[in-house]
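K.L.:
target00.pdb is reproduced in full below (PDB, N, CA and C atoms).
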ATOM      1  N   MET S   1    -105.403 -24.104  -5.248
ATOM      2  CA  MET S   1    -104.551 -25.254  -5.006
ATOM      3  C   MET S   1    -103.755 -25.621  -6.255
ATOM      4  N   GLN S   2    -104.429 -25.601  -7.411
ATOM      5  CA  GLN S   2    -103.736 -25.944  -8.653
ATOM      6  C   GLN S   2    -102.646 -24.920  -8.966
ATOM      7  N   ARG S   3    -102.876 -23.675  -8.568
ATOM      8  CA  ARG S   3    -101.868 -22.628  -8.786
ATOM      9  C   ARG S   3    -100.575 -23.005  -8.069
ATOM     10  N   ASN S   4    -100.666 -23.424  -6.828
ATOM     11  CA  ASN S   4     -99.484 -23.824  -6.066
ATOM     12  C   ASN S   4     -98.798 -25.027  -6.705
ATOM     13  N   SER S   5     -99.581 -25.983  -7.159
ATOM     14  CA  SER S   5     -99.027 -27.182  -7.787
ATOM     15  C   SER S   5     -98.260 -26.836  -9.055
ATOM     16  N   LYS S   6     -98.785 -25.915  -9.843
ATOM     17  CA  LYS S   6     -98.103 -25.518 -11.078
ATOM     18  C   LYS S   6     -96.799 -24.793 -10.773
ATOM     19  N   ILE S   7     -96.824 -23.917  -9.778
ATOM     20  CA  ILE S   7     -95.602 -23.219  -9.391
ATOM     21  C   ILE S   7     -94.554 -24.227  -8.929
ATOM     22  N   CYS S   8     -94.962 -25.191  -8.113
ATOM     23  CA  CYS S   8     -94.030 -26.211  -7.626
ATOM     24  C   CYS S   8     -93.469 -27.049  -8.769
ATOM     25  N   LYS S   9     -94.277 -27.368  -9.758
ATOM     26  CA  LYS S   9     -93.800 -28.130 -10.920
ATOM     27  C   LYS S   9     -92.758 -27.329 -11.697
ATOM     28  N   ILE S  10     -93.006 -26.027 -11.872
ATOM     29  CA  ILE S  10     -92.046 -25.175 -12.572
ATOM     30  C   ILE S  10     -90.716 -25.181 -11.828
ATOM     31  N   VAL S  11     -90.783 -25.004 -10.505
ATOM     32  CA  VAL S  11     -89.562 -24.991  -9.685
ATOM     33  C   VAL S  11     -88.847 -26.331  -9.777
ATOM     34  N   GLU S  12     -89.583 -27.413  -9.661
ATOM     35  CA  GLU S  12     -88.982 -28.751  -9.691
ATOM     36  C   GLU S  12     -88.296 -29.031 -11.023
ATOM     37  N   GLU S  13     -88.977 -28.779 -12.108
ATOM     38  CA  GLU S  13     -88.434 -29.127 -13.425
ATOM     39  C   GLU S  13     -87.302 -28.193 -13.851
ATOM     40  N   MET S  14     -87.411 -26.917 -13.511
ATOM     41  CA  MET S  14     -86.325 -25.992 -13.834
ATOM     42  C   MET S  14     -85.089 -26.343 -13.023
ATOM     43  N   SER S  15     -85.265 -26.656 -11.742
ATOM     44  CA  SER S  15     -84.143 -27.056 -10.881
ATOM     45  C   SER S  15     -83.488 -28.316 -11.407
ATOM     46  N   LEU S  16     -84.288 -29.285 -11.788
ATOM     47  CA  LEU S  16     -83.756 -30.543 -12.319
ATOM     48  C   LEU S  16     -82.969 -30.288 -13.602
ATOM     49  N   PHE S  17     -83.509 -29.455 -14.489
ATOM     50  CA  PHE S  17     -82.811 -29.137 -15.735
ATOM     51  C   PHE S  17     -81.463 -28.494 -15.441
ATOM     52  N   LEU S  18     -81.450 -27.503 -14.552
ATOM     53  CA  LEU S  18     -80.198 -26.817 -14.232
ATOM     54  C   LEU S  18     -79.183 -27.773 -13.622
ATOM     55  N   MET S  19     -79.615 -28.593 -12.686
ATOM     56  CA  MET S  19     -78.694 -29.532 -12.039
ATOM     57  C   MET S  19     -78.197 -30.595 -13.009
ATOM     58  N   ASP S  20     -79.074 -31.065 -13.902
ATOM     59  CA  ASP S  20     -78.651 -32.031 -14.921
ATOM     60  C   ASP S  20     -77.587 -31.444 -15.845
ATOM     61  N   ASN S  21     -77.558 -30.107 -15.945
ATOM     62  CA  ASN S  21     -76.579 -29.432 -16.788
ATOM     63  C   ASN S  21     -75.400 -28.884 -15.992
ATOM     64  N   GLY S  22     -75.251 -29.340 -14.741
ATOM     65  CA  GLY S  22     -74.074 -29.025 -13.949
ATOM     66  C   GLY S  22     -74.156 -27.770 -13.093
ATOM     67  N   TYR S  23     -75.325 -27.189 -12.960
ATOM     68  CA  TYR S  23     -75.489 -25.976 -12.150
ATOM     69  C   TYR S  23     -76.074 -26.363 -10.797
ATOM     70  N   TYR S  24     -75.180 -26.656  -9.851
ATOM     71  CA  TYR S  24     -75.595 -27.166  -8.541
ATOM     72  C   TYR S  24     -75.757 -26.065  -7.507
ATOM     73  N   ASN S  25     -75.094 -24.936  -7.683
ATOM     74  CA  ASN S  25     -75.253 -23.799  -6.774
ATOM     75  C   ASN S  25     -76.497 -23.038  -7.224
ATOM     76  N   LEU S  26     -77.582 -23.251  -6.517
ATOM     77  CA  LEU S  26     -78.869 -22.769  -6.982
ATOM     78  C   LEU S  26     -79.670 -22.180  -5.837
ATOM     79  N   SER S  27     -80.149 -20.964  -6.043
ATOM     80  CA  SER S  27     -81.065 -20.326  -5.101
ATOM     81  C   SER S  27     -82.379 -20.076  -5.828
ATOM     82  N   ILE S  28     -83.477 -20.233  -5.103
ATOM     83  CA  ILE S  28     -84.795 -20.068  -5.711
ATOM     84  C   ILE S  28     -85.622 -19.140  -4.832
ATOM     85  N   ASP S  29     -86.287 -18.195  -5.470
ATOM     86  CA  ASP S  29     -87.167 -17.270  -4.764
ATOM     87  C   ASP S  29     -88.522 -17.282  -5.470
ATOM     88  N   ILE S  30     -89.584 -17.385  -4.697
ATOM     89  CA  ILE S  30     -90.940 -17.387  -5.249
ATOM     90  C   ILE S  30     -91.695 -16.218  -4.645
ATOM     91  N   LYS S  31     -92.259 -15.380  -5.505
ATOM     92  CA  LYS S  31     -93.130 -14.290  -5.067
ATOM     93  C   LYS S  31     -94.496 -14.517  -5.699
ATOM     94  N   ARG S  32     -95.468 -14.656  -4.840
ATOM     95  CA  ARG S  32     -96.833 -14.865  -5.322
ATOM     96  C   ARG S  32     -97.632 -13.608  -5.052
ATOM     97  N   GLU S  33     -98.044 -12.953  -6.105
ATOM     98  CA  GLU S  33     -98.850 -11.749  -5.992
ATOM     99  C   GLU S  33    -100.239 -12.048  -6.537
ATOM    100  N   ASP S  34    -101.141 -11.091  -6.419
ATOM    101  CA  ASP S  34    -102.517 -11.327  -6.865
ATOM    102  C   ASP S  34    -102.601 -11.715  -8.333
ATOM    103  N   LYS S  35    -101.909 -10.964  -9.164
ATOM    104  CA  LYS S  35    -102.059 -11.150 -10.609
ATOM    105  C   LYS S  35    -100.942 -11.917 -11.273
ATOM    106  N   GLU S  36     -99.866 -12.201 -10.531
ATOM    107  CA  GLU S  36     -98.773 -12.951 -11.142
ATOM    108  C   GLU S  36     -97.928 -13.658 -10.094
ATOM    109  N   SER S  37     -97.226 -14.666 -10.559
ATOM    110  CA  SER S  37     -96.234 -15.366  -9.750
ATOM    111  C   SER S  37     -94.891 -15.148 -10.415
ATOM    112  N   ILE S  38     -93.889 -14.810  -9.602
ATOM    113  CA  ILE S  38     -92.543 -14.558 -10.114
ATOM    114  C   ILE S  38     -91.603 -15.546  -9.443
ATOM    115  N   ILE S  39     -90.958 -16.361 -10.258
ATOM    116  CA  ILE S  39     -90.018 -17.366  -9.753
ATOM    117  C   ILE S  39     -88.638 -16.973 -10.252
ATOM    118  N   THR S  40     -87.705 -16.819  -9.321
ATOM    119  CA  THR S  40     -86.349 -16.406  -9.671
ATOM    120  C   THR S  40     -85.370 -17.503  -9.281
ATOM    121  N   PHE S  41     -84.539 -17.887 -10.235
ATOM    122  CA  PHE S  41     -83.478 -18.868 -10.023
ATOM    123  C   PHE S  41     -82.156 -18.131 -10.155
ATOM    124  N   ILE S  42     -81.272 -18.301  -9.195
ATOM    125  CA  ILE S  42     -79.933 -17.714  -9.276
ATOM    126  C   ILE S  42     -78.932 -18.860  -9.205
ATOM    127  N   THR S  43     -78.040 -18.907 -10.194
ATOM    128  CA  THR S  43     -77.051 -19.972 -10.274
ATOM    129  C   THR S  43     -75.754 -19.417 -10.855
ATOM    130  N   ASP S  44     -74.749 -20.265 -10.942
ATOM    131  CA  ASP S  44     -73.507 -19.857 -11.595
ATOM    132  C   ASP S  44     -73.833 -19.448 -13.028
ATOM    133  N   GLU S  45     -73.009 -18.572 -13.591
ATOM    134  CA  GLU S  45     -73.291 -18.048 -14.923
ATOM    135  C   GLU S  45     -73.477 -19.176 -15.936
ATOM    136  N   LEU S  46     -74.582 -19.101 -16.662
ATOM    137  CA  LEU S  46     -74.928 -20.140 -17.638
ATOM    138  C   LEU S  46     -74.038 -20.064 -18.870
ATOM    139  N   ASP S  47     -73.729 -21.219 -19.436
ATOM    140  CA  ASP S  47     -73.085 -21.267 -20.745
ATOM    141  C   ASP S  47     -74.047 -20.658 -21.760
ATOM    142  N   ILE S  48     -73.517 -20.098 -22.803
ATOM    143  CA  ILE S  48     -74.345 -19.453 -23.831
ATOM    144  C   ILE S  48     -75.386 -20.420 -24.390
ATOM    145  N   GLU S  49     -74.976 -21.667 -24.644
ATOM    146  CA  GLU S  49     -75.893 -22.642 -25.224
ATOM    147  C   GLU S  49     -77.067 -22.947 -24.278
ATOM    148  N   VAL S  50     -76.778 -23.099 -23.000
ATOM    149  CA  VAL S  50     -77.834 -23.385 -22.013
ATOM    150  C   VAL S  50     -78.753 -22.174 -21.883
ATOM    151  N   ASN S  51     -78.173 -20.993 -21.847
ATOM    152  CA  ASN S  51     -78.935 -19.754 -21.765
ATOM    153  C   ASN S  51     -79.913 -19.659 -22.942
ATOM    154  N   GLU S  52     -79.402 -19.835 -24.149
ATOM    155  CA  GLU S  52     -80.240 -19.744 -25.345
ATOM    156  C   GLU S  52     -81.314 -20.824 -25.369
ATOM    157  N   TYR S  53     -80.971 -22.024 -24.914
ATOM    158  CA  TYR S  53     -81.931 -23.129 -24.883
ATOM    159  C   TYR S  53     -83.094 -22.811 -23.942
ATOM    160  N   ILE S  54     -82.777 -22.287 -22.756
ATOM    161  CA  ILE S  54     -83.833 -21.944 -21.805
ATOM    162  C   ILE S  54     -84.744 -20.870 -22.379
ATOM    163  N   VAL S  55     -84.155 -19.830 -22.928
ATOM    164  CA  VAL S  55     -84.960 -18.735 -23.493
ATOM    165  C   VAL S  55     -85.838 -19.253 -24.624
ATOM    166  N   GLU S  56     -85.262 -20.085 -25.487
ATOM    167  CA  GLU S  56     -86.033 -20.638 -26.608
ATOM    168  C   GLU S  56     -87.221 -21.459 -26.110
ATOM    169  N   LYS S  57     -86.982 -22.345 -25.171
ATOM    170  CA  LYS S  57     -88.041 -23.253 -24.697
ATOM    171  C   LYS S  57     -89.113 -22.530 -23.884
ATOM    172  N   LEU S  58     -88.701 -21.524 -23.113
ATOM    173  CA  LEU S  58     -89.668 -20.852 -22.240
ATOM    174  C   LEU S  58     -90.328 -19.649 -22.889
ATOM    175  N   SER S  59     -89.927 -19.312 -24.103
ATOM    176  CA  SER S  59     -90.512 -18.160 -24.790
ATOM    177  C   SER S  59     -91.666 -18.538 -25.700
ATOM    178  N   GLU S  60     -92.008 -19.794 -25.733
ATOM    179  CA  GLU S  60     -93.164 -20.209 -26.523
ATOM    180  C   GLU S  60     -94.419 -19.557 -25.946
ATOM    181  N   PRO S  61     -95.381 -19.217 -26.786
ATOM    182  CA  PRO S  61     -96.594 -18.588 -26.253
ATOM    183  C   PRO S  61     -97.353 -19.537 -25.323
ATOM    184  N   ARG S  62     -97.871 -18.987 -24.260
ATOM    185  CA  ARG S  62     -98.643 -19.770 -23.304
ATOM    186  C   ARG S  62     -99.968 -20.163 -23.943
ATOM    187  N   GLU S  63    -100.341 -21.416 -23.748
ATOM    188  CA  GLU S  63    -101.590 -21.930 -24.295
ATOM    189  C   GLU S  63    -102.422 -22.471 -23.140
ATOM    190  N   GLU S  64    -103.401 -21.678 -22.716
ATOM    191  CA  GLU S  64    -104.182 -22.001 -21.533
ATOM    192  C   GLU S  64    -104.893 -23.354 -21.653
ATOM    193  N   GLU S  65    -105.419 -23.654 -22.831
ATOM    194  CA  GLU S  65    -106.139 -24.914 -23.016
ATOM    195  C   GLU S  65    -105.211 -26.113 -22.859
ATOM    196  N   VAL S  66    -104.046 -26.034 -23.465
ATOM    197  CA  VAL S  66    -103.075 -27.122 -23.399
ATOM    198  C   VAL S  66    -102.496 -27.222 -21.991
ATOM    199  N   GLU S  67    -102.332 -26.078 -21.360
ATOM    200  CA  GLU S  67    -101.754 -26.029 -20.016
ATOM    201  C   GLU S  67    -102.513 -26.907 -19.028
ATOM    202  N   GLU S  68    -103.803 -26.904 -19.097
ATOM    203  CA  GLU S  68    -104.611 -27.634 -18.127
ATOM    204  C   GLU S  68    -104.319 -29.131 -18.116
ATOM    205  N   TYR S  69    -103.849 -29.672 -19.224
ATOM    206  CA  TYR S  69    -103.569 -31.098 -19.291
ATOM    207  C   TYR S  69    -102.076 -31.405 -19.241
ATOM    208  N   SER S  70    -101.276 -30.540 -19.826
ATOM    209  CA  SER S  70     -99.844 -30.830 -19.981
ATOM    210  C   SER S  70     -99.056 -30.760 -18.690
ATOM    211  N   TRP S  71     -99.387 -29.844 -17.800
ATOM    212  CA  TRP S  71     -98.550 -29.641 -16.616
ATOM    213  C   TRP S  71     -98.499 -30.881 -15.748
ATOM    214  N   MET S  72     -99.559 -31.692 -15.776
ATOM    215  CA  MET S  72     -99.576 -32.914 -14.971
ATOM    216  C   MET S  72     -98.622 -33.976 -15.526
ATOM    217  N   LEU S  73     -98.229 -33.844 -16.792
ATOM    218  CA  LEU S  73     -97.335 -34.809 -17.427
ATOM    219  C   LEU S  73     -95.870 -34.535 -17.128
ATOM    220  N   MET S  74     -95.589 -33.383 -16.551
ATOM    221  CA  MET S  74     -94.203 -33.048 -16.250
ATOM    222  C   MET S  74     -93.628 -34.085 -15.304
ATOM    223  N   GLY S  75     -92.372 -34.440 -15.561
ATOM    224  CA  GLY S  75     -91.722 -35.462 -14.760
ATOM    225  C   GLY S  75     -91.807 -36.839 -15.400
ATOM    226  N   GLU S  76     -92.540 -36.938 -16.490
ATOM    227  CA  GLU S  76     -92.704 -38.226 -17.167
ATOM    228  C   GLU S  76     -91.596 -38.489 -18.186
ATOM    229  N   GLY S  77     -90.903 -37.439 -18.615
ATOM    230  CA  GLY S  77     -89.827 -37.586 -19.599
ATOM    231  C   GLY S  77     -88.543 -37.022 -19.047
ATOM    232  N   SER S  78     -87.696 -36.535 -19.945
ATOM    233  CA  SER S  78     -86.443 -35.937 -19.491
ATOM    234  C   SER S  78     -86.680 -34.489 -19.073
ATOM    235  N   ALA S  79     -85.761 -33.949 -18.293
ATOM    236  CA  ALA S  79     -85.887 -32.568 -17.833
ATOM    237  C   ALA S  79     -85.884 -31.603 -19.017
ATOM    238  N   ALA S  80     -85.109 -31.904 -20.049
ATOM    239  CA  ALA S  80     -85.072 -31.037 -21.228
ATOM    240  C   ALA S  80     -86.430 -31.000 -21.916
ATOM    241  N   ASP S  81     -87.095 -32.155 -22.010
ATOM    242  CA  ASP S  81     -88.422 -32.207 -22.614
ATOM    243  C   ASP S  81     -89.426 -31.401 -21.803
ATOM    244  N   ASP S  82     -89.270 -31.402 -20.489
ATOM    245  CA  ASP S  82     -90.215 -30.712 -19.625
ATOM    246  C   ASP S  82     -90.101 -29.201 -19.729
ATOM    247  N   LEU S  83     -89.005 -28.677 -20.261
ATOM    248  CA  LEU S  83     -88.918 -27.233 -20.472
ATOM    249  C   LEU S  83     -89.967 -26.778 -21.480
ATOM    250  N   ASP S  84     -90.306 -27.629 -22.440
ATOM    251  CA  ASP S  84     -91.382 -27.308 -23.376
ATOM    252  C   ASP S  84     -92.691 -27.104 -22.622
ATOM    253  N   ILE S  85     -92.949 -27.961 -21.663
ATOM    254  CA  ILE S  85     -94.187 -27.856 -20.885
ATOM    255  C   ILE S  85     -94.143 -26.633 -19.985
ATOM    256  N   ILE S  86     -92.993 -26.351 -19.384
ATOM    257  CA  ILE S  86     -92.870 -25.142 -18.571
ATOM    258  C   ILE S  86     -93.204 -23.920 -19.424
ATOM    259  N   GLY S  87     -92.778 -23.943 -20.676
ATOM    260  CA  GLY S  87     -93.089 -22.836 -21.589
ATOM    261  C   GLY S  87     -94.573 -22.606 -21.741
ATOM    262  N   LEU S  88     -95.371 -23.658 -21.604
ATOM    263  CA  LEU S  88     -96.825 -23.525 -21.685
ATOM    264  C   LEU S  88     -97.418 -22.943 -20.409
ATOM    265  N   LEU S  89     -96.659 -22.970 -19.322
ATOM    266  CA  LEU S  89     -97.157 -22.512 -18.025
ATOM    267  C   LEU S  89     -96.753 -21.084 -17.695
ATOM    268  N   VAL S  90     -95.807 -20.523 -18.437
ATOM    269  CA  VAL S  90     -95.284 -19.197 -18.091
ATOM    270  C   VAL S  90     -95.531 -18.202 -19.225
ATOM    271  N   ASP S  91     -95.482 -16.934 -18.861
ATOM    272  CA  ASP S  91     -95.744 -15.877 -19.833
ATOM    273  C   ASP S  91     -94.490 -15.128 -20.252
ATOM    274  N   LYS S  92     -93.472 -15.155 -19.389
ATOM    275  CA  LYS S  92     -92.277 -14.371 -19.693
ATOM    276  C   LYS S  92     -91.073 -14.979 -18.998
ATOM    277  N   VAL S  93     -89.929 -14.927 -19.663
ATOM    278  CA  VAL S  93     -88.663 -15.356 -19.061
ATOM    279  C   VAL S  93     -87.598 -14.324 -19.404
ATOM    280  N   SER S  94     -86.742 -14.046 -18.443
ATOM    281  CA  SER S  94     -85.601 -13.183 -18.721
ATOM    282  C   SER S  94     -84.393 -13.750 -17.973
ATOM    283  N   ILE S  95     -83.232 -13.578 -18.571
ATOM    284  CA  ILE S  95     -81.982 -14.038 -17.949
ATOM    285  C   ILE S  95     -81.000 -12.881 -17.970
ATOM    286  N   LYS S  96     -80.496 -12.551 -16.780
ATOM    287  CA  LYS S  96     -79.481 -11.505 -16.641
ATOM    288  C   LYS S  96     -78.234 -12.135 -16.038
ATOM    289  N   ASN S  97     -77.092 -11.663 -16.462
ATOM    290  CA  ASN S  97     -75.823 -12.115 -15.895
ATOM    291  C   ASN S  97     -75.183 -10.972 -15.116
ATOM    292  N   GLU S  98     -74.884 -11.245 -13.839
ATOM    293  CA  GLU S  98     -74.243 -10.260 -12.967
ATOM    294  C   GLU S  98     -73.273 -10.982 -12.034
ATOM    295  N   ASN S  99     -72.060 -10.469 -11.933
ATOM    296  CA  ASN S  99     -71.065 -10.998 -10.983
ATOM    297  C   ASN S  99     -70.898 -12.520 -11.078
ATOM    298  N   ASN S 100     -70.745 -13.029 -12.286
ATOM    299  CA  ASN S 100     -70.553 -14.460 -12.545
ATOM    300  C   ASN S 100     -71.744 -15.307 -12.125
ATOM    301  N   LYS S 101     -72.911 -14.710 -12.033
ATOM    302  CA  LYS S 101     -74.149 -15.425 -11.713
ATOM    303  C   LYS S 101     -75.166 -15.155 -12.802
ATOM    304  N   SER S 102     -76.047 -16.123 -13.033
ATOM    305  CA  SER S 102     -77.181 -15.924 -13.924
ATOM    306  C   SER S 102     -78.439 -15.830 -13.075
ATOM    307  N   ILE S 103     -79.258 -14.837 -13.381
ATOM    308  CA  ILE S 103     -80.525 -14.641 -12.695
ATOM    309  C   ILE S 103     -81.623 -14.909 -13.714
ATOM    310  N   ILE S 104     -82.328 -16.005 -13.498
ATOM    311  CA  ILE S 104     -83.395 -16.422 -14.410
ATOM    312  C   ILE S 104     -84.709 -16.060 -13.739
ATOM    313  N   GLU S 105     -85.487 -15.197 -14.382
ATOM    314  CA  GLU S 105     -86.772 -14.798 -13.829
ATOM    315  C   GLU S 105     -87.879 -15.315 -14.738
ATOM    316  N   VAL S 106     -88.793 -16.055 -14.137
ATOM    317  CA  VAL S 106     -89.912 -16.637 -14.862
ATOM    318  C   VAL S 106     -91.181 -16.030 -14.281
ATOM    319  N   ILE S 107     -92.030 -15.485 -15.153
ATOM    320  CA  ILE S 107     -93.267 -14.840 -14.703
ATOM    321  C   ILE S 107     -94.462 -15.574 -15.270
ATOM    322  N   ARG S 108     -95.401 -15.828 -14.376
ATOM    323  CA  ARG S 108     -96.645 -16.503 -14.734
ATOM    324  C   ARG S 108     -97.807 -15.554 -14.418
ATOM    325  N   ASP S 109     -98.561 -15.172 -15.425
ATOM    326  CA  ASP S 109     -99.737 -14.320 -15.232
ATOM    327  C   ASP S 109    -100.834 -15.175 -14.607
ATOM    328  N   GLU S 110    -101.354 -14.734 -13.481
ATOM    329  CA  GLU S 110    -102.363 -15.502 -12.751
ATOM    330  C   GLU S 110    -103.760 -14.912 -12.912
ATOM    331  N   SER S 111    -103.925 -13.978 -13.850
ATOM    332  CA  SER S 111    -105.222 -13.315 -13.996
ATOM    333  C   SER S 111    -106.167 -14.046 -14.953
ATOM    334  N   TYR S 112    -105.741 -15.194 -15.458
ATOM    335  CA  TYR S 112    -106.615 -15.936 -16.386
ATOM    336  C   TYR S 112    -107.841 -16.449 -15.673
TER     337      TYR S 112
END
Please rewrite the model in this file as structure tokens.

P.N.:
Amino acid sequence: MQRNSKICKIVEEMSLFLMDNGYYNLSIDIKREDKESIITFITDELDIEVNEYIVEKLSEPREEEVEEYSWMLMGEGSAADDLDIIGLLVDKVSIKNENNKSIIEVIRDESY
């Protein structure tokens, strides 16, 4: 149950961040596999600054101990602040640009 809640928080906060930054055309795909969850966001091509900010915030090393308490705090501050918390919940982020779209893939290892 907590796994689903964490995935939903990631989707909610990432969507809010993107929309707060003017990216309203947004598609979201969630794949839940045994050992990992893959969340893909597709939106209009990101500005370089937004792209770099997302990669910076989500590339922080995952901290399982901190994760158990921090994820519940998401939504208490600004969407930009919550990207720090999302970084604690995910293991990998990649952003590709194709055909004037950005494809943001966030991977969460579920084998812990």

K.L.:
To test your reading of the structure, identify every residue in region 6-61 of chain S that backbone DSSP assigns to strand (DSSP E or B), and report it as a list in words.

P.N.:
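Everything in region 6-61 of chain S that counts as strand (DSSP E or B) is Leu26, Ser27, Ile28, Asp29, Ile30, Lys31, Arg32, Glu36, Ser37, Ile38, Ile39, Thr40, Phe41, Ile42, Thr43 and Asp44 of chain S.
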
K.L.:
So, counting only C-alpha atoms, which residue among S:Ser59, S:Ser37, S:Ser102, S:Ser111 is closest to Ile86 (chain S)?

P.N.:
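Distance minimum relative to Ile86 (chain S) lands on S:Ser59.
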
K.L.:
Write out as a ChimeraX atom specification all residues of chain S that backbone DSSP assigns to helix (DSSP H, G or I).

P.N.:
/S:2-20,48-58,64-73,79-89

K.L.:
Just checking: using only C-alpha atoms, which residue out of S:Ile103, S:Val50, S:Leu18, S:Ile7 ends up closest to Val90 (chain S)?

P.N.:
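When distances to Val90 (chain S) are compared using only C-alpha atoms, the smallest one comes from S:Ile7.
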
K.L.:
Can you give me, as an MDAnalysis selection string, the residues this file yields under the PyMOL selection byres (((chain S and resi 46 and name CA) around 9) and name CA)?

P.N.:
chainID S and resid 23 43:45 47:51 97 100:102

K.L.:
Identify the residues within 7 Å of coordinate (-98.2, -22.6, -24.2) (same frame as the file), considering only C-alpha atoms, and give the answer as an NGL selection string.

P.N.:
:S and (60-64 or 66-67 or 87-89)

K.L.:
Keeping only N, CA and C atoms, write those residues as a JSON list (two decimals), in the coordinates of the input.

P.N.:
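out-v3.json was written with the following content:
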[["chain", "number", "residue", "atom", "x", "y", "z"],
["S", 60, "GLU", "N", -92.01, -19.79, -25.73],
["S", 60, "GLU", "CA", -93.16, -20.21, -26.52],
["S", 60, "GLU", "C", -94.42, -19.56, -25.95],
["S", 61, "PRO", "N", -95.38, -19.22, -26.79],
["S", 61, "PRO", "CA", -96.59, -18.59, -26.25],
["S", 61, "PRO", "C", -97.35, -19.54, -25.32],
["S", 62, "ARG", "N", -97.87, -18.99, -24.26],
["S", 62, "ARG", "CA", -98.64, -19.77, -23.30],
["S", 62, "ARG", "C", -99.97, -20.16, -23.94],
["S", 63, "GLU", "N", -100.34, -21.42, -23.75],
["S", 63, "GLU", "CA", -101.59, -21.93, -24.30],
["S", 63, "GLU", "C", -102.42, -22.47, -23.14],
["S", 64, "GLU", "N", -103.40, -21.68, -22.72],
["S", 64, "GLU", "CA", -104.18, -22.00, -21.53],
["S", 64, "GLU", "C", -104.89, -23.35, -21.65],
["S", 66, "VAL", "N", -104.05, -26.03, -23.46],
["S", 66, "VAL", "CA", -103.08, -27.12, -23.40],
["S", 66, "VAL", "C", -102.50, -27.22, -21.99],
["S", 67, "GLU", "N", -102.33, -26.08, -21.36],
["S", 67, "GLU", "CA", -101.75, -26.03, -20.02],
["S", 67, "GLU", "C", -102.51, -26.91, -19.03],
["S", 87, "GLY", "N", -92.78, -23.94, -20.68],
["S", 87, "GLY", "CA", -93.09, -22.84, -21.59],
["S", 87, "GLY", "C", -94.57, -22.61, -21.74],
["S", 88, "LEU", "N", -95.37, -23.66, -21.60],
["S", 88, "LEU", "CA", -96.82, -23.52, -21.68],
["S", 88, "LEU", "C", -97.42, -22.94, -20.41],
["S", 89, "LEU", "N", -96.66, -22.97, -19.32],
["S", 89, "LEU", "CA", -97.16, -22.51, -18.02],
["S", 89, "LEU", "C", -96.75, -21.08, -17.70]]

K.L.:
Take region 5-16 of chain S, model N, CA, C and O atoms, and hand the result over as a PDB file, in the frame of the given file.

P.N.:
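Okay, part-v3.pdb is ready:
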ATOM      1  N   SER S   5     -99.581 -25.983  -7.159  1.00  0.00           N
ATOM      2  CA  SER S   5     -99.027 -27.182  -7.787  1.00  0.00           C
ATOM      3  C   SER S   5     -98.260 -26.836  -9.055  1.00  0.00           C
ATOM      4  O   SER S   5     -97.191 -27.389  -9.309  1.00  0.00           O
ATOM      5  N   LYS S   6     -98.785 -25.915  -9.843  1.00  0.00           N
ATOM      6  CA  LYS S   6     -98.103 -25.518 -11.078  1.00  0.00           C
ATOM      7  C   LYS S   6     -96.799 -24.793 -10.773  1.00  0.00           C
ATOM      8  O   LYS S   6     -95.785 -25.030 -11.424  1.00  0.00           O
ATOM      9  N   ILE S   7     -96.824 -23.917  -9.778  1.00  0.00           N
ATOM     10  CA  ILE S   7     -95.602 -23.219  -9.391  1.00  0.00           C
ATOM     11  C   ILE S   7     -94.554 -24.227  -8.929  1.00  0.00           C
ATOM     12  O   ILE S   7     -93.384 -24.152  -9.311  1.00  0.00           O
ATOM     13  N   CYS S   8     -94.962 -25.191  -8.113  1.00  0.00           N
ATOM     14  CA  CYS S   8     -94.030 -26.211  -7.626  1.00  0.00           C
ATOM     15  C   CYS S   8     -93.469 -27.049  -8.769  1.00  0.00           C
ATOM     16  O   CYS S   8     -92.283 -27.403  -8.764  1.00  0.00           O
ATOM     17  N   LYS S   9     -94.277 -27.368  -9.758  1.00  0.00           N
ATOM     18  CA  LYS S   9     -93.800 -28.130 -10.920  1.00  0.00           C
ATOM     19  C   LYS S   9     -92.758 -27.329 -11.697  1.00  0.00           C
ATOM     20  O   LYS S   9     -91.745 -27.871 -12.141  1.00  0.00           O
ATOM     21  N   ILE S  10     -93.006 -26.027 -11.872  1.00  0.00           N
ATOM     22  CA  ILE S  10     -92.046 -25.175 -12.572  1.00  0.00           C
ATOM     23  C   ILE S  10     -90.716 -25.181 -11.828  1.00  0.00           C
ATOM     24  O   ILE S  10     -89.652 -25.373 -12.424  1.00  0.00           O
ATOM     25  N   VAL S  11     -90.783 -25.004 -10.505  1.00  0.00           N
ATOM     26  CA  VAL S  11     -89.562 -24.991  -9.685  1.00  0.00           C
ATOM     27  C   VAL S  11     -88.847 -26.331  -9.777  1.00  0.00           C
ATOM     28  O   VAL S  11     -87.630 -26.386  -9.989  1.00  0.00           O
ATOM     29  N   GLU S  12     -89.583 -27.413  -9.661  1.00  0.00           N
ATOM     30  CA  GLU S  12     -88.982 -28.751  -9.691  1.00  0.00           C
ATOM     31  C   GLU S  12     -88.296 -29.031 -11.023  1.00  0.00           C
ATOM     32  O   GLU S  12     -87.140 -29.471 -11.058  1.00  0.00           O
ATOM     33  N   GLU S  13     -88.977 -28.779 -12.108  1.00  0.00           N
ATOM     34  CA  GLU S  13     -88.434 -29.127 -13.425  1.00  0.00           C
ATOM     35  C   GLU S  13     -87.302 -28.193 -13.851  1.00  0.00           C
ATOM     36  O   GLU S  13     -86.328 -28.632 -14.448  1.00  0.00           O
ATOM     37  N   MET S  14     -87.411 -26.917 -13.511  1.00  0.00           N
ATOM     38  CA  MET S  14     -86.325 -25.992 -13.834  1.00  0.00           C
ATOM     39  C   MET S  14     -85.089 -26.343 -13.023  1.00  0.00           C
ATOM     40  O   MET S  14     -83.971 -26.347 -13.550  1.00  0.00           O
ATOM     41  N   SER S  15     -85.265 -26.656 -11.742  1.00  0.00           N
ATOM     42  CA  SER S  15     -84.143 -27.056 -10.881  1.00  0.00           C
ATOM     43  C   SER S  15     -83.488 -28.316 -11.407  1.00  0.00           C
ATOM     44  O   SER S  15     -82.257 -28.413 -11.464  1.00  0.00           O
ATOM     45  N   LEU S  16     -84.288 -29.285 -11.788  1.00  0.00           N
ATOM     46  CA  LEU S  16     -83.756 -30.543 -12.319  1.00  0.00           C
ATOM     47  C   LEU S  16     -82.969 -30.288 -13.602  1.00  0.00           C
ATOM     48  O   LEU S  16     -81.864 -30.810 -13.783  1.00  0.00           O
TER      49      LEU S  16
END
